[in-house]
Amino acid sequence: MNRIEIYTPEQIKHIAAAGKIAAQTLDYIEPFVKTGISTLQLNDLCHNFIKKNGGKAAPLEVKGYKHAICTSVNDEICHGVPHKNIMLYDGDIINIDVTVNLNGYYGDTSRMYTVGKISDTAKDLIETTKLALMEAINVVKPNQPFSAIGKAIEKITKPKGYGIIRDFCGHGIGTMFHGAPHVFHFYHPEYDNVLMKEGMVFTIEPMINATPSITYFIDKKNKWTAFTQDGALSAQFEHTIVVTSKGAKILTRP
Ligand code: MF3
Ligand code: CO
Ligand code: CO
């Protein structure tokens, strides 16, 4: 595995500034997430907000990705590509994922939104996924193995019979969008001896399915959007955090 970057307090301030704009973007877009809006409109609103605040939309730097944000609706797991014909309807759930580049520093965060009245299954899936992220954040501290993150997430989601997506992970972030380490959301014994150190910055971003199934397929046309194989709903929350002497500090809090 590549070396995991350790950031200085000065650099962490810059990452936090990027993270703050990303989090504010998620707050800003909330009232627009309503029946009848398209995911492309959500993309454009978020993009304008990011630019107005002096940032750049990091997904536009990813080779082959042509949009400012990801919008993953219902059975879309992640990397949902915004489109003018994807409209939101009553009962939908959607993850909006924003990554801001501010002066060469990156902050990455996503959360779930609901449209009108959603099912009890959807509600429980969203609450459970959010809890899983927060419990995983709670185990972060110096000298903790990275495998503790996946353990914490399994502890919350397994009793519900929900599936944890294995092929998309959290990641190191800071002066790059995606770096070492892979942050697995399931227990991965290889990470028992990869330890967290003060100044490491990474994302935790569990993708949880409403069924035990963990298989997915990629949209044949846009080559990005990942869907659950069985059509089950999928939810995700993401924060960028830094390891401090006292535990995790969330850098993507609004
Ligand atoms: N923000 C996503 C993540 O959490 C990555 C999006 S990359 C893109 O890592 F190209 F799909 F935008
Ligand atoms: Co991420
Ligand atoms: Co993200």
# chains A, B, ... in the order shown; residues from 1 in each chain; ligands from 1

call {"tool": "residues_near_ligand", "arguments": {"ligand": "ligand 1", "cutoff": "10 Å", "atoms": "only C-alpha atoms and all ligand atoms", "output": "JSON, numbers by chain"}}
result
{"A": [57, 58, 59, 60, 61, 62, 63, 64, 65, 66, 67, 68, 69, 70, 71, 78, 79, 80, 81, 96, 97, 98, 99, 100, 107, 108, 109, 110, 168, 169, 170, 171, 172, 173, 177, 178, 203, 204, 205, 206, 224, 225, 236, 237, 238, 239, 240]}

call {"tool": "select_by_dssp", "arguments": {"residues": "region 116-232 of chain A", "states": "alpha helix (DSSP H)", "output": "compact mmCIF listing (two decimals) with C-alpha atoms, in the first residue's frame"}}
result
# COMPACT_ATOMS: atom_id res chain seq x y z
CA ASP A 120 -40.59 2.66 6.32
CA THR A 121 -37.86 0.55 4.72
CA ALA A 122 -36.29 3.63 3.18
CA LYS A 123 -36.50 5.50 6.47
CA ASP A 124 -34.82 2.70 8.42
CA LEU A 125 -32.14 2.24 5.75
CA ILE A 126 -31.26 5.94 5.87
CA GLU A 127 -31.20 6.08 9.69
CA THR A 128 -29.11 2.91 9.91
CA THR A 129 -26.59 4.11 7.32
CA LYS A 130 -26.18 7.44 9.10
CA LEU A 131 -25.71 5.66 12.44
CA ALA A 132 -23.16 3.30 10.87
CA LEU A 133 -21.10 6.28 9.64
CA MET A 134 -21.25 8.00 13.04
CA GLU A 135 -20.28 4.81 14.91
CA ALA A 136 -17.36 4.30 12.52
CA ILE A 137 -16.24 7.90 13.10
CA ASN A 138 -16.41 7.24 16.85
CA SER A 147 -10.07 -2.47 10.19
CA ALA A 148 -12.01 -1.11 13.21
CA ILE A 149 -14.03 1.07 10.83
CA GLY A 150 -15.50 -1.89 8.95
CA LYS A 151 -16.14 -3.74 12.21
CA ALA A 152 -18.12 -0.79 13.57
CA ILE A 153 -20.23 -0.58 10.41
CA GLU A 154 -20.93 -4.33 10.37
CA LYS A 155 -22.05 -4.18 14.00
CA ILE A 156 -24.81 -1.72 13.05
CA THR A 157 -25.90 -3.07 9.65

call {"tool": "select_by_dssp", "arguments": {"residues": "region 139-252 of chain A", "states": "strand (DSSP E or B)", "output": "PyMOL selection string"}}
result
chain A and resi 145+163-164+170-172+179-183+195+201-204+207-209+216-218+226-228+234-236+238-244+247-250

call {"tool": "write_last_selection", "arguments": {"atoms": "N, CA, C and O atoms", "output": "compact mmCIF listing (two decimals), in the first residue's frame"}}
result
# COMPACT_ATOMS: atom_id res chain seq x y z
N PRO A 145 -6.46 0.36 14.51
CA PRO A 145 -6.33 -0.21 13.16
C PRO A 145 -7.48 0.27 12.25
O PRO A 145 -8.61 0.44 12.72
N GLY A 163 -26.99 -5.17 3.33
CA GLY A 163 -25.72 -5.48 2.66
C GLY A 163 -24.80 -4.27 2.62
O GLY A 163 -25.25 -3.14 2.42
N ILE A 164 -23.50 -4.54 2.84
CA ILE A 164 -22.50 -3.48 2.75
C ILE A 164 -21.77 -3.62 1.41
O ILE A 164 -21.17 -4.68 1.15
N GLY A 170 -14.05 4.21 1.22
CA GLY A 170 -13.54 5.53 1.58
C GLY A 170 -12.08 5.60 1.14
O GLY A 170 -11.51 4.61 0.66
N HIS A 171 -11.47 6.77 1.37
CA HIS A 171 -10.14 7.01 0.78
C HIS A 171 -9.43 8.13 1.50
O HIS A 171 -10.07 9.03 2.06
N GLY A 172 -8.09 8.07 1.44
CA GLY A 172 -7.31 9.22 1.86
C GLY A 172 -7.65 10.41 0.99
O GLY A 172 -8.05 10.25 -0.17
N GLY A 179 -6.64 9.17 -2.37
CA GLY A 179 -5.31 8.66 -2.07
C GLY A 179 -5.38 7.48 -1.11
O GLY A 179 -6.47 7.03 -0.74
N ALA A 180 -4.20 7.00 -0.67
CA ALA A 180 -4.15 5.89 0.29
C ALA A 180 -4.64 6.39 1.65
O ALA A 180 -4.46 7.57 1.96
N PRO A 181 -5.23 5.54 2.47
CA PRO A 181 -5.49 4.12 2.22
C PRO A 181 -6.88 3.90 1.63
O PRO A 181 -7.67 4.84 1.55
N HIS A 182 -7.18 2.66 1.21
CA HIS A 182 -8.58 2.27 0.99
C HIS A 182 -9.21 2.16 2.37
O HIS A 182 -8.65 1.52 3.25
N VAL A 183 -10.34 2.80 2.55
CA VAL A 183 -11.06 2.71 3.83
C VAL A 183 -12.24 1.77 3.62
O VAL A 183 -13.25 2.16 3.03
N LEU A 195 -2.32 1.25 11.04
CA LEU A 195 -2.80 2.02 12.18
C LEU A 195 -3.02 3.50 11.84
O LEU A 195 -2.28 4.08 11.06
N VAL A 201 -5.85 12.14 7.15
CA VAL A 201 -7.15 12.66 6.73
C VAL A 201 -7.74 11.67 5.72
O VAL A 201 -7.07 11.29 4.76
N PHE A 202 -8.98 11.25 5.97
CA PHE A 202 -9.61 10.29 5.05
C PHE A 202 -11.13 10.41 5.14
O PHE A 202 -11.66 11.08 6.02
N THR A 203 -11.80 9.78 4.18
CA THR A 203 -13.25 9.75 4.20
C THR A 203 -13.73 8.41 4.72
O THR A 203 -13.05 7.40 4.61
N ILE A 204 -14.92 8.43 5.30
CA ILE A 204 -15.67 7.20 5.58
C ILE A 204 -17.01 7.43 4.88
O ILE A 204 -17.62 8.49 5.03
N MET A 207 -21.82 2.57 1.88
CA MET A 207 -22.97 2.39 0.99
C MET A 207 -23.67 1.13 1.45
O MET A 207 -23.08 0.05 1.44
N ILE A 208 -24.93 1.28 1.89
CA ILE A 208 -25.66 0.18 2.52
C ILE A 208 -26.93 -0.12 1.71
O ILE A 208 -27.66 0.80 1.34
N ASN A 209 -27.15 -1.42 1.46
CA ASN A 209 -28.32 -1.85 0.69
C ASN A 209 -29.42 -2.36 1.61
O ASN A 209 -29.12 -2.98 2.63
N TYR A 216 -23.62 -5.44 -7.81
CA TYR A 216 -24.04 -4.22 -8.48
C TYR A 216 -23.72 -4.32 -9.97
O TYR A 216 -23.01 -5.23 -10.40
N PHE A 217 -24.27 -3.40 -10.74
CA PHE A 217 -23.87 -3.28 -12.14
C PHE A 217 -23.72 -1.81 -12.48
O PHE A 217 -24.27 -0.94 -11.79
N ILE A 218 -22.95 -1.55 -13.51
CA ILE A 218 -22.67 -0.17 -13.92
C ILE A 218 -23.51 0.16 -15.16
O ILE A 218 -23.61 -0.66 -16.08
N ALA A 226 -23.55 3.27 -10.49
CA ALA A 226 -23.61 1.90 -9.96
C ALA A 226 -24.99 1.66 -9.37
O ALA A 226 -25.46 2.43 -8.53
N PHE A 227 -25.65 0.58 -9.83
CA PHE A 227 -26.98 0.19 -9.36
C PHE A 227 -26.90 -1.11 -8.55
O PHE A 227 -26.09 -1.98 -8.87
N THR A 228 -27.79 -1.27 -7.58
CA THR A 228 -27.89 -2.57 -6.91
C THR A 228 -28.39 -3.58 -7.94
O THR A 228 -29.30 -3.28 -8.73
N SER A 234 -30.54 1.77 -1.87
CA SER A 234 -29.20 1.88 -1.31
C SER A 234 -29.03 3.29 -0.74
O SER A 234 -29.52 4.26 -1.33
N ALA A 235 -28.35 3.38 0.40
CA ALA A 235 -28.14 4.68 1.04
C ALA A 235 -26.66 4.88 1.33
O ALA A 235 -25.91 3.91 1.45
N GLN A 236 -26.26 6.14 1.45
CA GLN A 236 -24.86 6.46 1.75
C GLN A 236 -24.76 7.80 2.47
O GLN A 236 -25.49 8.76 2.14
N GLU A 238 -21.36 10.36 3.92
CA GLU A 238 -19.90 10.49 3.86
C GLU A 238 -19.43 11.74 4.58
O GLU A 238 -20.02 12.81 4.43
N HIS A 239 -18.35 11.57 5.35
CA HIS A 239 -17.64 12.72 5.92
C HIS A 239 -16.15 12.57 5.63
O HIS A 239 -15.63 11.46 5.49
N THR A 240 -15.47 13.72 5.59
CA THR A 240 -14.01 13.77 5.60
C THR A 240 -13.59 14.06 7.03
O THR A 240 -14.10 14.99 7.65
N ILE A 241 -12.67 13.24 7.57
CA ILE A 241 -12.27 13.42 8.98
C ILE A 241 -10.75 13.46 9.09
O ILE A 241 -10.03 12.97 8.23
N VAL A 242 -10.29 14.06 10.19
CA VAL A 242 -8.86 14.05 10.51
C VAL A 242 -8.69 13.34 11.85
O VAL A 242 -9.54 13.47 12.75
N VAL A 243 -7.62 12.56 11.98
CA VAL A 243 -7.31 11.90 13.24
C VAL A 243 -6.61 12.91 14.14
O VAL A 243 -5.59 13.49 13.75
N THR A 244 -7.16 13.14 15.34
CA THR A 244 -6.52 14.02 16.32
C THR A 244 -6.21 13.19 17.56
O THR A 244 -6.65 12.03 17.67
N GLY A 247 -9.34 11.89 19.01
CA GLY A 247 -10.27 11.11 18.18
C GLY A 247 -10.49 11.79 16.84
O GLY A 247 -9.67 12.63 16.44
N ALA A 248 -11.60 11.44 16.18
CA ALA A 248 -11.85 12.02 14.86
C ALA A 248 -12.37 13.43 14.98
O ALA A 248 -13.17 13.73 15.89
N LYS A 249 -11.94 14.31 14.10
CA LYS A 249 -12.60 15.60 13.96
C LYS A 249 -13.18 15.63 12.55
O LYS A 249 -12.49 15.36 11.56
N ILE A 250 -14.48 15.93 12.46
CA ILE A 250 -15.15 15.97 11.16
C ILE A 250 -14.83 17.30 10.48
O ILE A 250 -15.04 18.37 11.08

call {"tool": "residues_around", "arguments": {"residues": "Asn103 (chain A)", "least_positions_apart": "3", "cutoff": "12 Å", "atoms": "only C-alpha atoms", "output": "mmCIF file with all heavy atoms, in the first residue's frame"}}
result
data_model
loop_
_atom_site.group_PDB
_atom_site.id
_atom_site.type_symbol
_atom_site.label_atom_id
_atom_site.label_comp_id
_atom_site.auth_asym_id
_atom_site.auth_seq_id
_atom_site.Cartn_x
_atom_site.Cartn_y
_atom_site.Cartn_z
ATOM 1 N N GLN A 11 -2.104 22.703 6.959
ATOM 2 C CA GLN A 11 -2.768 22.036 5.821
ATOM 3 C C GLN A 11 -4.182 21.602 6.197
ATOM 4 O O GLN A 11 -5.103 21.684 5.379
ATOM 5 C CB GLN A 11 -1.958 20.796 5.404
ATOM 6 C CG GLN A 11 -0.657 21.116 4.694
ATOM 7 C CD GLN A 11 0.095 19.841 4.348
ATOM 8 O OE1 GLN A 11 0.379 19.018 5.228
ATOM 9 N NE2 GLN A 11 0.423 19.666 3.088
ATOM 10 N N LYS A 13 -6.207 23.038 8.184
ATOM 11 C CA LYS A 13 -7.090 24.216 8.094
ATOM 12 C C LYS A 13 -7.592 24.408 6.662
ATOM 13 O O LYS A 13 -8.761 24.731 6.446
ATOM 14 C CB LYS A 13 -6.331 25.480 8.530
ATOM 15 C CG LYS A 13 -6.345 25.695 10.030
ATOM 16 C CD LYS A 13 -5.767 27.059 10.387
ATOM 17 C CE LYS A 13 -5.241 27.033 11.809
ATOM 18 N NZ LYS A 13 -4.125 27.967 12.027
ATOM 19 N N HIS A 14 -6.696 24.215 5.702
ATOM 20 C CA HIS A 14 -7.090 24.350 4.295
ATOM 21 C C HIS A 14 -8.097 23.265 3.887
ATOM 22 O O HIS A 14 -9.053 23.538 3.170
ATOM 23 C CB HIS A 14 -5.859 24.281 3.388
ATOM 24 C CG HIS A 14 -5.005 25.510 3.425
ATOM 25 N ND1 HIS A 14 -5.394 26.701 2.843
ATOM 26 C CD2 HIS A 14 -3.785 25.737 3.971
ATOM 27 C CE1 HIS A 14 -4.447 27.603 3.038
ATOM 28 N NE2 HIS A 14 -3.456 27.046 3.717
ATOM 29 N N ILE A 15 -7.855 22.045 4.338
ATOM 30 C CA ILE A 15 -8.780 20.949 4.009
ATOM 31 C C ILE A 15 -10.156 21.237 4.636
ATOM 32 O O ILE A 15 -11.196 21.058 4.011
ATOM 33 C CB ILE A 15 -8.243 19.576 4.493
ATOM 34 C CG1 ILE A 15 -6.869 19.287 3.873
ATOM 35 C CG2 ILE A 15 -9.229 18.460 4.139
ATOM 36 C CD1 ILE A 15 -6.132 18.110 4.529
ATOM 37 N N ALA A 16 -10.126 21.749 5.875
ATOM 38 C CA ALA A 16 -11.378 22.077 6.567
ATOM 39 C C ALA A 16 -12.143 23.184 5.838
ATOM 40 O O ALA A 16 -13.377 23.168 5.799
ATOM 41 C CB ALA A 16 -11.094 22.481 8.010
ATOM 42 N N ALA A 17 -11.405 24.127 5.254
ATOM 43 C CA ALA A 17 -12.065 25.226 4.513
ATOM 44 C C ALA A 17 -12.775 24.666 3.276
ATOM 45 O O ALA A 17 -13.899 25.070 2.951
ATOM 46 C CB ALA A 17 -11.039 26.289 4.130
ATOM 47 N N ALA A 18 -12.127 23.720 2.593
ATOM 48 C CA ALA A 18 -12.766 23.062 1.447
ATOM 49 C C ALA A 18 -13.962 22.241 1.916
ATOM 50 O O ALA A 18 -15.046 22.277 1.307
ATOM 51 C CB ALA A 18 -11.753 22.165 0.728
ATOM 52 N N GLY A 19 -13.768 21.519 3.027
ATOM 53 C CA GLY A 19 -14.832 20.677 3.573
ATOM 54 C C GLY A 19 -16.044 21.487 3.994
ATOM 55 O O GLY A 19 -17.182 21.038 3.843
ATOM 56 N N ASN A 53 -18.599 30.426 -3.971
ATOM 57 C CA ASN A 53 -17.834 30.406 -2.716
ATOM 58 C C ASN A 53 -16.336 30.225 -2.935
ATOM 59 O O ASN A 53 -15.597 29.938 -1.988
ATOM 60 C CB ASN A 53 -18.393 29.327 -1.790
ATOM 61 C CG ASN A 53 -19.691 29.777 -1.145
ATOM 62 O OD1 ASN A 53 -19.693 30.485 -0.157
ATOM 63 N ND2 ASN A 53 -20.813 29.412 -1.760
ATOM 64 N N GLY A 54 -15.908 30.354 -4.192
ATOM 65 C CA GLY A 54 -14.470 30.343 -4.475
ATOM 66 C C GLY A 54 -13.870 28.971 -4.706
ATOM 67 O O GLY A 54 -12.651 28.840 -4.860
ATOM 68 N N GLY A 55 -14.720 27.932 -4.723
ATOM 69 C CA GLY A 55 -14.203 26.569 -4.895
ATOM 70 C C GLY A 55 -14.377 26.059 -6.320
ATOM 71 O O GLY A 55 -14.948 26.741 -7.182
ATOM 72 N N LYS A 56 -13.867 24.864 -6.533
ATOM 73 C CA LYS A 56 -14.072 24.159 -7.795
ATOM 74 C C LYS A 56 -14.685 22.801 -7.486
ATOM 75 O O LYS A 56 -14.436 22.221 -6.423
ATOM 76 C CB LYS A 56 -12.734 23.971 -8.523
ATOM 77 C CG LYS A 56 -12.181 25.277 -9.081
ATOM 78 C CD LYS A 56 -10.980 25.046 -9.990
ATOM 79 C CE LYS A 56 -9.733 24.778 -9.181
ATOM 80 N NZ LYS A 56 -8.481 24.849 -9.959
ATOM 81 N N ALA A 57 -15.504 22.314 -8.413
ATOM 82 C CA ALA A 57 -16.116 21.000 -8.236
ATOM 83 C C ALA A 57 -15.109 19.924 -8.636
ATOM 84 O O ALA A 57 -14.758 19.803 -9.815
ATOM 85 C CB ALA A 57 -17.380 20.893 -9.078
ATOM 86 N N ALA A 58 -14.636 19.164 -7.646
ATOM 87 C CA ALA A 58 -13.561 18.194 -7.899
ATOM 88 C C ALA A 58 -13.934 17.075 -8.877
ATOM 89 O O ALA A 58 -13.061 16.623 -9.625
ATOM 90 C CB ALA A 58 -13.084 17.602 -6.573
ATOM 91 N N VAL A 100 -15.281 19.437 -2.963
ATOM 92 C CA VAL A 100 -14.812 20.772 -3.327
ATOM 93 C C VAL A 100 -13.286 20.792 -3.325
ATOM 94 O O VAL A 100 -12.649 20.272 -2.403
ATOM 95 C CB VAL A 100 -15.366 21.831 -2.348
ATOM 96 C CG1 VAL A 100 -14.677 23.180 -2.531
ATOM 97 C CG2 VAL A 100 -16.872 21.970 -2.531
ATOM 98 N N TYR A 106 -8.879 19.326 -0.735
ATOM 99 C CA TYR A 106 -10.154 18.692 -1.048
ATOM 100 C C TYR A 106 -10.957 18.345 0.201
ATOM 101 O O TYR A 106 -10.393 17.853 1.189
ATOM 102 C CB TYR A 106 -9.916 17.399 -1.838
ATOM 103 C CG TYR A 106 -9.327 17.640 -3.210
ATOM 104 C CD1 TYR A 106 -7.957 17.850 -3.365
ATOM 105 C CD2 TYR A 106 -10.139 17.699 -4.333
ATOM 106 C CE1 TYR A 106 -7.405 18.098 -4.620
ATOM 107 C CE2 TYR A 106 -9.602 17.943 -5.583
ATOM 108 C CZ TYR A 106 -8.235 18.142 -5.723
ATOM 109 O OH TYR A 106 -7.705 18.395 -6.955
ATOM 110 N N GLY A 107 -12.260 18.570 0.116
ATOM 111 C CA GLY A 107 -13.200 18.130 1.146
ATOM 112 C C GLY A 107 -14.350 17.414 0.450
ATOM 113 O O GLY A 107 -14.877 17.910 -0.546
ATOM 114 N N GLY A 174 -6.958 15.092 0.821
ATOM 115 C CA GLY A 174 -6.225 16.222 1.402
ATOM 116 C C GLY A 174 -5.713 17.107 0.286
ATOM 117 O O GLY A 174 -6.436 17.955 -0.214
ATOM 118 N N THR A 175 -4.467 16.848 -0.140
ATOM 119 C CA THR A 175 -3.950 17.573 -1.305
ATOM 120 C C THR A 175 -4.259 16.804 -2.590
ATOM 121 O O THR A 175 -3.852 17.213 -3.665
ATOM 122 C CB THR A 175 -2.429 17.792 -1.180
ATOM 123 O OG1 THR A 175 -1.823 16.538 -0.839
ATOM 124 C CG2 THR A 175 -2.113 18.818 -0.091
ATOM 125 N N MET A 176 -4.967 15.661 -2.444
ATOM 126 C CA MET A 176 -5.496 14.938 -3.612
ATOM 127 C C MET A 176 -6.919 14.516 -3.282
ATOM 128 O O MET A 176 -7.318 14.499 -2.125
ATOM 129 C CB MET A 176 -4.619 13.722 -3.969
ATOM 130 C CG MET A 176 -4.649 12.598 -2.961
ATOM 131 S SD MET A 176 -3.995 13.092 -1.352
ATOM 132 C CE MET A 176 -4.035 11.612 -0.426
#

call {"tool": "closest_residue", "arguments": {"among": "A:Met87, A:Ala23, A:Ile4, A:Val139", "to": "ligand 3", "atoms": "only C-alpha atoms and all ligand atoms"}}
result
A:Ala23

call {"tool": "closest_residue", "arguments": {"among": "A:Ile50, A:Ala22, A:Leu88, A:Val194", "to": "ligand 2", "atoms": "only C-alpha atoms and all ligand atoms"}}
result
A:Ala22

call {"tool": "closest_residue", "arguments": {"among": "A:Met200, A:Ile165, A:Ile77, A:Leu233", "to": "Asp219 (chain A)", "atoms": "only C-alpha atoms"}}
result
A:Ile77

call {"tool": "atom_distance", "arguments": {"atom1": "CA of Thr39 (chain A)", "atom2": "CA of Pro82 (chain A)"}}
result
4.7 Å
